[in-house]
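So this block is entry_14.pdb, PDB, N, CA and C atoms, pLDDT in the B column:
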ATOM      1  N   MET T  14       8.721  -1.074  18.913  1.00 57.00           N
ATOM      2  CA  MET T  14       9.070  -1.573  17.596  1.00 57.00           C
ATOM      3  C   MET T  14       9.315  -0.417  16.628  1.00 57.00           C
ATOM      4  N   ILE T  15       9.539   0.750  17.150  1.00 65.00           N
ATOM      5  CA  ILE T  15       9.855   1.899  16.305  1.00 65.00           C
ATOM      6  C   ILE T  15      11.342   1.848  15.956  1.00 65.00           C
ATOM      7  N   PRO T  16      11.680   1.776  14.666  1.00 63.00           N
ATOM      8  CA  PRO T  16      13.099   1.739  14.301  1.00 63.00           C
ATOM      9  C   PRO T  16      13.775   3.069  14.584  1.00 63.00           C
ATOM     10  N   SER T  17      15.038   2.988  15.008  1.00 70.00           N
ATOM     11  CA  SER T  17      15.743   4.209  15.379  1.00 70.00           C
ATOM     12  C   SER T  17      16.449   4.861  14.193  1.00 70.00           C
ATOM     13  N   ASP T  18      16.743   4.079  13.140  1.00 76.00           N
ATOM     14  CA  ASP T  18      17.489   4.614  12.000  1.00 76.00           C
ATOM     15  C   ASP T  18      16.638   4.527  10.743  1.00 76.00           C
ATOM     16  N   TRP T  19      16.007   5.636  10.383  1.00 71.00           N
ATOM     17  CA  TRP T  19      15.118   5.661   9.209  1.00 71.00           C
ATOM     18  C   TRP T  19      15.886   5.889   7.912  1.00 71.00           C
ATOM     19  N   SER T  20      17.220   6.035   7.983  1.00 80.00           N
ATOM     20  CA  SER T  20      17.993   6.269   6.765  1.00 80.00           C
ATOM     21  C   SER T  20      18.260   4.985   5.999  1.00 80.00           C
ATOM     22  N   GLN T  21      18.056   3.837   6.630  1.00 84.00           N
ATOM     23  CA  GLN T  21      18.277   2.569   5.939  1.00 84.00           C
ATOM     24  C   GLN T  21      17.046   2.205   5.124  1.00 84.00           C
ATOM     25  N   ALA T  22      17.280   1.801   3.875  1.00 81.00           N
ATOM     26  CA  ALA T  22      16.164   1.455   2.994  1.00 81.00           C
ATOM     27  C   ALA T  22      15.436   0.207   3.472  1.00 81.00           C
ATOM     28  N   SER T  23      16.114  -0.653   4.220  1.00 84.00           N
ATOM     29  CA  SER T  23      15.467  -1.870   4.714  1.00 84.00           C
ATOM     30  C   SER T  23      14.410  -1.556   5.765  1.00 84.00           C
ATOM     31  N   VAL T  24      14.412  -0.346   6.283  1.00 83.00           N
ATOM     32  CA  VAL T  24      13.407   0.054   7.274  1.00 83.00           C
ATOM     33  C   VAL T  24      12.199   0.663   6.586  1.00 83.00           C
ATOM     34  N   TRP T  25      12.422   1.654   5.719  1.00 87.00           N
ATOM     35  CA  TRP T  25      11.275   2.397   5.168  1.00 87.00           C
ATOM     36  C   TRP T  25      10.751   1.827   3.871  1.00 87.00           C
ATOM     37  N   LEU T  26      11.535   1.022   3.147  1.00 90.00           N
ATOM     38  CA  LEU T  26      11.071   0.512   1.862  1.00 90.00           C
ATOM     39  C   LEU T  26       9.888  -0.449   1.993  1.00 90.00           C
ATOM     40  N   PRO T  27       9.911  -1.422   2.919  1.00 90.00           N
ATOM     41  CA  PRO T  27       8.715  -2.275   3.073  1.00 90.00           C
ATOM     42  C   PRO T  27       7.485  -1.494   3.518  1.00 90.00           C
ATOM     43  N   LEU T  28       7.681  -0.504   4.376  1.00 91.00           N
ATOM     44  CA  LEU T  28       6.548   0.308   4.818  1.00 91.00           C
ATOM     45  C   LEU T  28       6.006   1.145   3.668  1.00 91.00           C
ATOM     46  N   PHE T  29       6.891   1.636   2.809  1.00 93.00           N
ATOM     47  CA  PHE T  29       6.457   2.409   1.651  1.00 93.00           C
ATOM     48  C   PHE T  29       5.632   1.545   0.708  1.00 93.00           C
ATOM     49  N   PHE T  30       6.105   0.320   0.432  1.00 95.00           N
ATOM     50  CA  PHE T  30       5.373  -0.548  -0.480  1.00 95.00           C
ATOM     51  C   PHE T  30       4.061  -1.017   0.133  1.00 95.00           C
ATOM     52  N   LEU T  31       4.038  -1.216   1.455  1.00 96.00           N
ATOM     53  CA  LEU T  31       2.786  -1.569   2.123  1.00 96.00           C
ATOM     54  C   LEU T  31       1.765  -0.451   1.955  1.00 96.00           C
ATOM     55  N   GLY T  32       2.204   0.789   2.154  1.00 96.00           N
ATOM     56  CA  GLY T  32       1.306   1.924   1.964  1.00 96.00           C
ATOM     57  C   GLY T  32       0.899   2.108   0.517  1.00 96.00           C
ATOM     58  N   ALA T  33       1.841   1.883  -0.410  1.00 96.00           N
ATOM     59  CA  ALA T  33       1.524   2.035  -1.831  1.00 96.00           C
ATOM     60  C   ALA T  33       0.513   0.989  -2.284  1.00 96.00           C
ATOM     61  N   MET T  34       0.669  -0.247  -1.834  1.00 96.00           N
ATOM     62  CA  MET T  34      -0.273  -1.298  -2.215  1.00 96.00           C
ATOM     63  C   MET T  34      -1.639  -1.058  -1.575  1.00 96.00           C
ATOM     64  N   GLY T  35      -1.639  -0.587  -0.334  1.00 95.00           N
ATOM     65  CA  GLY T  35      -2.904  -0.267   0.314  1.00 95.00           C
ATOM     66  C   GLY T  35      -3.630   0.864  -0.396  1.00 95.00           C
ATOM     67  N   PHE T  36      -2.875   1.879  -0.799  1.00 94.00           N
ATOM     68  CA  PHE T  36      -3.478   2.989  -1.535  1.00 94.00           C
ATOM     69  C   PHE T  36      -3.994   2.531  -2.888  1.00 94.00           C
ATOM     70  N   ALA T  37      -3.251   1.650  -3.556  1.00 92.00           N
ATOM     71  CA  ALA T  37      -3.676   1.158  -4.865  1.00 92.00           C
ATOM     72  C   ALA T  37      -4.966   0.350  -4.748  1.00 92.00           C
ATOM     73  N   MET T  38      -5.058  -0.511  -3.737  1.00 88.00           N
ATOM     74  CA  MET T  38      -6.276  -1.314  -3.575  1.00 88.00           C
ATOM     75  C   MET T  38      -7.458  -0.451  -3.156  1.00 88.00           C
ATOM     76  N   LEU T  39      -7.210   0.533  -2.299  1.00 88.00           N
ATOM     77  CA  LEU T  39      -8.286   1.423  -1.881  1.00 88.00           C
ATOM     78  C   LEU T  39      -8.793   2.253  -3.054  1.00 88.00           C
ATOM     79  N   SER T  40      -7.872   2.767  -3.870  1.00 87.00           N
ATOM     80  CA  SER T  40      -8.311   3.544  -5.033  1.00 87.00           C
ATOM     81  C   SER T  40      -9.027   2.658  -6.040  1.00 87.00           C
ATOM     82  N   TYR T  41      -8.626   1.390  -6.153  1.00 83.00           N
ATOM     83  CA  TYR T  41      -9.324   0.468  -7.046  1.00 83.00           C
ATOM     84  C   TYR T  41     -10.750   0.226  -6.560  1.00 83.00           C
ATOM     85  N   VAL T  42     -10.908   0.041  -5.263  1.00 80.00           N
ATOM     86  CA  VAL T  42     -12.241  -0.183  -4.705  1.00 80.00           C
ATOM     87  C   VAL T  42     -13.121   1.038  -4.922  1.00 80.00           C
ATOM     88  N   VAL T  43     -12.576   2.232  -4.692  1.00 81.00           N
ATOM     89  CA  VAL T  43     -13.364   3.455  -4.820  1.00 81.00           C
ATOM     90  C   VAL T  43     -13.715   3.729  -6.276  1.00 81.00           C
ATOM     91  N   LEU T  44     -12.748   3.551  -7.177  1.00 81.00           N
ATOM     92  CA  LEU T  44     -12.979   3.899  -8.570  1.00 81.00           C
ATOM     93  C   LEU T  44     -13.771   2.838  -9.325  1.00 81.00           C
ATOM     94  N   ASP T  45     -13.718   1.582  -8.879  1.00 76.00           N
ATOM     95  CA  ASP T  45     -14.393   0.516  -9.614  1.00 76.00           C
ATOM     96  C   ASP T  45     -15.885   0.503  -9.309  1.00 76.00           C
ATOM     97  N   GLY T  46     -16.243   0.826  -8.082  1.00 67.00           N
ATOM     98  CA  GLY T  46     -17.655   0.907  -7.734  1.00 67.00           C
ATOM     99  C   GLY T  46     -18.313  -0.450  -7.565  1.00 67.00           C
ATOM    100  N   TYR T  47     -19.422  -0.669  -8.281  1.00 63.00           N
ATOM    101  CA  TYR T  47     -20.265  -1.846  -8.057  1.00 63.00           C
ATOM    102  C   TYR T  47     -19.595  -3.134  -8.516  1.00 63.00           C
ATOM    103  N   ASP T  48     -18.813  -3.081  -9.584  1.00 66.00           N
ATOM    104  CA  ASP T  48     -18.240  -4.293 -10.178  1.00 66.00           C
ATOM    105  C   ASP T  48     -16.922  -4.677  -9.523  1.00 66.00           C
ATOM    106  N   LEU T  49     -16.830  -4.535  -8.235  1.00 60.00           N
ATOM    107  CA  LEU T  49     -15.588  -4.815  -7.525  1.00 60.00           C
ATOM    108  C   LEU T  49     -15.207  -6.282  -7.665  1.00 60.00           C
ATOM    109  N   GLY T  50     -13.976  -6.507  -8.065  1.00 60.00           N
ATOM    110  CA  GLY T  50     -13.458  -7.861  -8.126  1.00 60.00           C
ATOM    111  C   GLY T  50     -13.698  -8.582  -9.430  1.00 60.00           C
ATOM    112  N   VAL T  51     -14.441  -8.014 -10.364  1.00 62.00           N
ATOM    113  CA  VAL T  51     -14.709  -8.696 -11.626  1.00 62.00           C
ATOM    114  C   VAL T  51     -13.431  -8.786 -12.455  1.00 62.00           C
ATOM    115  N   GLY T  52     -12.615  -7.740 -12.409  1.00 58.00           N
ATOM    116  CA  GLY T  52     -11.407  -7.728 -13.207  1.00 58.00           C
ATOM    117  C   GLY T  52     -10.229  -8.442 -12.574  1.00 58.00           C
ATOM    118  N   ILE T  53     -10.383  -8.892 -11.338  1.00 54.00           N
ATOM    119  CA  ILE T  53      -9.257  -9.559 -10.660  1.00 54.00           C
ATOM    120  C   ILE T  53      -9.167 -10.996 -11.130  1.00 54.00           C
TER     121      ILE T  53
END
Whole structure, structure tokens version:
Amino acid sequence: MIPSDWSQASVWLPLFFLGAMGFAMLSYVVLDGYDLGVGI
């Protein structure tokens, strides 16, 4: 399932946003500490 053409935005853009959202949630969990989920 490895795409052969990484120059198309339809290949790397969803993966980029998946990584960006994962990083955002991970940084939220780390920075929020004990009160996780109160602001959601």
Checklist entry - How far is it from atom C of T:Asp18 to atom CA of T:Met34, in Å with one decimal? => result 22.1 Å
Mind working out the centre and edge lengths of an axis-aligned box for stretch 33-40 of chain T, all listed atoms inside, 8 Å added to each side, rounded to one decimal in Å and written as JSON?
{"center_x": -3.6, "center_y": 1.1, "center_z": -2.9, "size_x": 26.9, "size_y": 20.9, "size_z": 22.4}
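Note that the spacing between atom N of T:Ala33 and atom C of T:Gln21 amounts to 16.2 Å.
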